[in-house]
Structures are given as structure tokens and as C-alpha cells.
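Student: Pasting a structure here, questions to come.
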Amino acid sequence: MHTELLVQLKRITFGYQPAQPVLQDVSLTLRRGEILTLIGPNGAGKSTLLKIMLGLLQPQAGTVWRRDGLRFGYVPQKLHVDASLPMTARRFIELGLPPGTHTLSNRWVELTRVSALLDKPLQGLSGGELQRVMLCRAILRQPDVLVLDEPLQGVDVQGQKFLYQLLVTIRDELQCAIVLISHDLHLVMAQTDQVICLNHHICCSGTPQSVAEHPEYRRLFGEDAGLFAIYTHHHDPHRCAEHEGCTHE
Ligand SMILES: Nc1ncnc2c1ncn2[C@@H]1O[C@H](COP(=O)(O)OP(=O)(O)OP(=O)(O)O)[C@@H](O)[C@H]1O
């Protein structure tokens, strides 16, 4: 049961230039223990919506409500490592944490498979390793909401399965909410409670369970239907027709 409301966005409209709205009339709610996946094509406004949720951007219209004292953990799409400031993964993690946190003794370091990376220079890590280090740092902050911007980009199939399982463990143990961004419909995790398909507006949304039974979903995903799920097919069919990813009638 997801009860405690953590974030509520109501009828958000936002544009970097007022004449060109990136988000139009977007509403969502996020509750503790919930996993929410945002999907949509490049430029759909997914990262912008996250920034509004995080309070980094202010909408031109609509309201943003966050529970008092809400703590976010954020895993960005990319980290620009400054080669002129060499540091180990351990130092990088410690810099994101309250003083006195013992990273080595924390089981999240084990669970994210970061232990063997701690003494390596950040610059020398592979993309997947760096992502695990960023995830570890975000979890150790004990967030109420863990936000991951395209965590599966460039991750191999084993890595994807590992990450899916880890996210469920994180959600269960920390009792946080998790928000994921993806623009690949095939990579939406089955454990997602709520999937929102965004293309400037919300095209459609729902649980992956309801979608998994949908004939269109079966046609698209076939054998992989048990592993992955896609957004559901209700809401406004007129609007969905504008988005090439929304293939239903
Ligand atoms: N700082 C900015 N200034 C002006 N325009 C921006 C800015 N950031 C993003 N945009 C534009 O806003 C639109 C939405 O961008 P956003 O990054 O939110 O999309 P996205 O769905 O996350 O895309 P992707 O899947 O490619 O990461 C794009 O057209 C982008 O060019």
C-alpha cells in the first residue's frame, strides 16, 4: 500500500521560452514506496519534469507540492568528471554524505557492487561502474525519493537485470519512492507501479500489470512480456495519436 503522499504536481505548464511550452498541463502524484517510470521520446520534457519535481525549475502555471523536509537522491544521466581534480570513488561518495558516514562498512556499498571500486580514480571507471558509484552515493543519503535519469543507457542486459532487482531492494528497504526516466519502451521495468508516457503532455499512463494483458502489448513484446512492461492504453486517444510510440487505435 502506497499511502504517504510525497510529491504532487498539478496542471504544470513550463517552457524555457514562454512561447514554446515544453510541458503542458502535466499532473502526477508520487507516494512513498512507489516506483514511477517516465517514458517518452527525446525532447519530450522528461528531464524538465524531473527538474520541476526537484525544485530546480519553477513552472509558469500549475502547482508543485512536496512533503516538508523531503530528501531527494539524484543519479544524473551523465557525470562530467573533471580530469584536473583527480579523486577516488570513495572520496566522491564521501563528499555527497553527512560527515562521519563510514562508506566501507555500509552494506549498500556491497549491494551496489562498489566495494572493489572505492580506491580507483573516478576518471578510470567505465560508464556502468560510474553509474553504480553515483547510485551508491545517492542511496547512502537515505533519500525519500530516489531519482534516476535514464539509468539503463549503455548498460548491458545482465546489468539491467541487476539494476532492476537492486531498485526493488532499495525501495523495500529504504521505503522510499523511485522515479526512473527512460525513452526506451522495451526497458520499462515490470515492478513499476505507475508508468507515465510523456510527450510534452501526458499521452497515457497506468500500471504495467494492466498493460501486460493488453493485446497490443503482447504484439509488441511477445516472449519478453513477463520481463518488461509498457505503458497502458487509456486516457486520451486523440492526444496519443500525436505520439509515434503510442501505437494503439
Ligand atoms: N536549459 C534549456 N534551455 C532551453 N531549452 C532547453 C533547456 N533544457 C532543455 N531544453 C529543451 O526542452 C525540451 C525538452 O528537453 P528535456 O531534456 O526535458 O527532454 P527529455 O525528454 O529529457 O529528452 P531526452 O530523452 O533526449 O533526454 C528539448 O527541446 C530541449 O532542447
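All residue names refer to the C-alpha cells as shown: chains lettered A, B, ... in order, residues numbered from 1 in each chain, ligands numbered from 1 in order.
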Please provide as a count of residues only all residues within 7 Å of segment 143-148 of chain A, with the sequence filter that same-chain residues fewer than 2 positions apart are discarded (counting only C-alpha atoms).
Tutor: 17
Student: Using only C-alpha atoms and all ligand atoms, determine which residues fall within 7 Å of ligand 1, then list them as a ChimeraX atom specification.
Tutor: /A:16,22,40-49,183
Student: In terms of the shortest atom-to-atom distance over only C-alpha atoms, which of A:Arg11, A:Arg32, A:Arg132, A:His200 is closest to Leu111 of chain A?
Tutor: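 With only C-alpha atoms as the atom set, the closest residue is A:Arg132.
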Student: Between atom CA of Ile39 of chain A and atom CA of Asp25 of chain A, what is the distance, to one decimal in Å?
Tutor: 16.8 Å
Student: Where in segment 1-239 of chain A does DSSP assign strand (DSSP E or B), given as a ChimeraX atom specification?
Tutor: /A:5-14,17,20,23-31,35-39,61-66,72-75,88,121,145-149,177-182,189,194-199,201-206,228
Student: Write out as JSON, numbers by chain each polymer residue whose atoms come within 12 Å of Gly96 of chain A, counting only C-alpha atoms; drop sequence neighbours fewer than 3 positions from it.
Tutor: {"A": [73, 74, 75, 89, 90, 91, 92, 93, 99, 100, 101, 103, 133, 134, 135, 136, 137, 138, 139, 140, 141, 142]}
Student: Export, as an mmCIF file, in the first residue's frame, the selected residues with C-alpha atoms.
Tutor:
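Written output follows (again-v8.cif):
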```cif
data_model
loop_
_atom_site.group_PDB
_atom_site.id
_atom_site.type_symbol
_atom_site.label_atom_id
_atom_site.label_comp_id
_atom_site.auth_asym_id
_atom_site.auth_seq_id
_atom_site.Cartn_x
_atom_site.Cartn_y
_atom_site.Cartn_z
ATOM 1 C CA GLY A 73 18.769 11.259 -4.091
ATOM 2 C CA TYR A 74 19.614 12.008 -7.703
ATOM 3 C CA VAL A 75 21.514 9.850 -10.195
ATOM 4 C CA ALA A 89 35.374 6.800 -5.966
ATOM 5 C CA ARG A 90 35.489 6.690 -2.153
ATOM 6 C CA ARG A 91 36.175 10.432 -1.932
ATOM 7 C CA PHE A 92 33.431 11.179 -4.425
ATOM 8 C CA ILE A 93 30.914 9.172 -2.380
ATOM 9 C CA PRO A 99 30.327 13.804 7.906
ATOM 10 C CA GLY A 100 31.151 10.602 9.764
ATOM 11 C CA THR A 101 29.370 8.196 7.430
ATOM 12 C CA THR A 103 31.112 4.097 3.453
ATOM 13 C CA VAL A 133 29.109 4.684 -7.737
ATOM 14 C CA MET A 134 26.593 7.509 -8.314
ATOM 15 C CA LEU A 135 23.746 5.212 -7.285
ATOM 16 C CA CYS A 136 25.625 4.180 -4.125
ATOM 17 C CA ARG A 137 26.208 7.820 -3.216
ATOM 18 C CA ALA A 138 22.535 8.660 -3.787
ATOM 19 C CA ILE A 139 21.298 5.714 -1.661
ATOM 20 C CA LEU A 140 23.670 6.442 1.216
ATOM 21 C CA ARG A 141 21.932 9.806 1.596
ATOM 22 C CA GLN A 142 18.841 7.793 2.637
#
```
Student: What's the 7 Å shell around Leu28 of chain A, counting only C-alpha atoms, without same-chain residues fewer than 3 positions away, as a PyMOL selection string?
Tutor: chain A and resi 8-10
Student: Can you list, as a ChimeraX atom specification, every protein, DNA or RNA residue that comes within 12 Å of Gln58 of chain A when you count only C-alpha atoms, leaving out same-chain residues fewer than 6 positions away?
Tutor: /A:9,12-16,23,48-52,64-65
Student: Keeping only C-alpha atoms, write those residues as a PDB file, in the first residue's frame.
Tutor:
```pdb
ATOM      1  CA  LEU A   9       2.252  18.217  -9.366  1.00  0.00           C
ATOM      2  CA  ILE A  12       2.117  22.072 -14.749  1.00  0.00           C
ATOM      3  CA  THR A  13       2.976  24.195 -17.761  1.00  0.00           C
ATOM      4  CA  PHE A  14       6.582  25.128 -18.432  1.00  0.00           C
ATOM      5  CA  GLY A  15       8.645  26.487 -21.321  1.00  0.00           C
ATOM      6  CA  TYR A  16      12.272  27.630 -21.438  1.00  0.00           C
ATOM      7  CA  LEU A  23       5.327  20.770 -20.668  1.00  0.00           C
ATOM      8  CA  THR A  48      12.480  19.066 -17.405  1.00  0.00           C
ATOM      9  CA  LEU A  49       9.647  17.470 -15.438  1.00  0.00           C
ATOM     10  CA  LEU A  50      12.200  15.941 -13.061  1.00  0.00           C
ATOM     11  CA  LYS A  51      13.819  19.330 -12.529  1.00  0.00           C
ATOM     12  CA  ILE A  52      10.439  20.802 -11.654  1.00  0.00           C
ATOM     13  CA  VAL A  64       4.131  21.806  -7.032  1.00  0.00           C
ATOM     14  CA  TRP A  65       3.690  20.310  -3.584  1.00  0.00           C
TER      15      TRP A  65
END
```
Student: Pull the helix (DSSP H, G or I) assignments for segment 79-162 of chain A out of DSSP run on the backbone, and list those residues as a PyMOL selection string.
Tutor: chain A and resi 89-95+103-105+107-111+115-117+122-124+127-140+157-162
Student: Let me see the file: selected residues, C-alpha atoms, as a short mmCIF file (atom, residue, chain, number, x, y, z; two decimals), in the first residue's frame.
Tutor:
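The resulting file, part-v7.cif, is reproduced below:
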```cif
data_model
loop_
_atom_site.label_atom_id
_atom_site.label_comp_id
_atom_site.auth_asym_id
_atom_site.auth_seq_id
_atom_site.Cartn_x
_atom_site.Cartn_y
_atom_site.Cartn_z
CA ALA A 89 35.37 6.80 -5.97
CA ARG A 90 35.49 6.69 -2.15
CA ARG A 91 36.18 10.43 -1.93
CA PHE A 92 33.43 11.18 -4.42
CA ILE A 93 30.91 9.17 -2.38
CA GLU A 94 32.06 10.73 0.90
CA LEU A 95 31.70 14.26 -0.47
CA THR A 103 31.11 4.10 3.45
CA LEU A 104 33.19 0.92 3.67
CA SER A 105 31.09 -0.64 6.39
CA ARG A 107 26.02 -2.84 3.11
CA TRP A 108 24.76 -0.61 0.30
CA VAL A 109 28.35 -0.42 -0.87
CA GLU A 110 28.26 -4.21 -1.19
CA LEU A 111 24.81 -4.31 -2.77
CA SER A 115 33.48 -2.13 -2.81
CA ALA A 116 36.18 -3.06 -5.31
CA LEU A 117 35.93 0.35 -6.97
CA LEU A 122 36.82 8.25 -10.75
CA GLN A 123 38.26 9.10 -14.16
CA GLY A 124 39.24 5.47 -14.75
CA GLY A 127 30.24 4.08 -17.66
CA GLY A 128 28.45 1.25 -15.81
CA GLU A 129 30.87 1.41 -12.86
CA LEU A 130 30.50 5.16 -12.56
CA GLN A 131 26.74 4.80 -12.57
CA ARG A 132 26.90 2.27 -9.70
CA VAL A 133 29.11 4.68 -7.74
CA MET A 134 26.59 7.51 -8.31
CA LEU A 135 23.75 5.21 -7.29
CA CYS A 136 25.63 4.18 -4.13
CA ARG A 137 26.21 7.82 -3.22
CA ALA A 138 22.54 8.66 -3.79
CA ILE A 139 21.30 5.71 -1.66
CA LEU A 140 23.67 6.44 1.22
CA VAL A 157 21.46 -6.98 -20.25
CA GLN A 158 22.97 -8.50 -17.09
CA GLY A 159 23.49 -5.02 -15.75
CA GLN A 160 19.86 -4.13 -16.44
CA LYS A 161 18.56 -7.18 -14.55
CA PHE A 162 20.91 -6.40 -11.68
#
```
Student: Please, what distance in Å, to one decimal, runs between atom CA of Val195 of chain A and atom CA of Arg66 of chain A?
Tutor: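 Between atom CA of Val195 of chain A and atom CA of Arg66 of chain A the gap is 20.1 Å.
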Student: Distance atom CA of Ile170 of chain A-atom CA of Leu125 of chain A, one decimal place?
Tutor: 23.3 Å
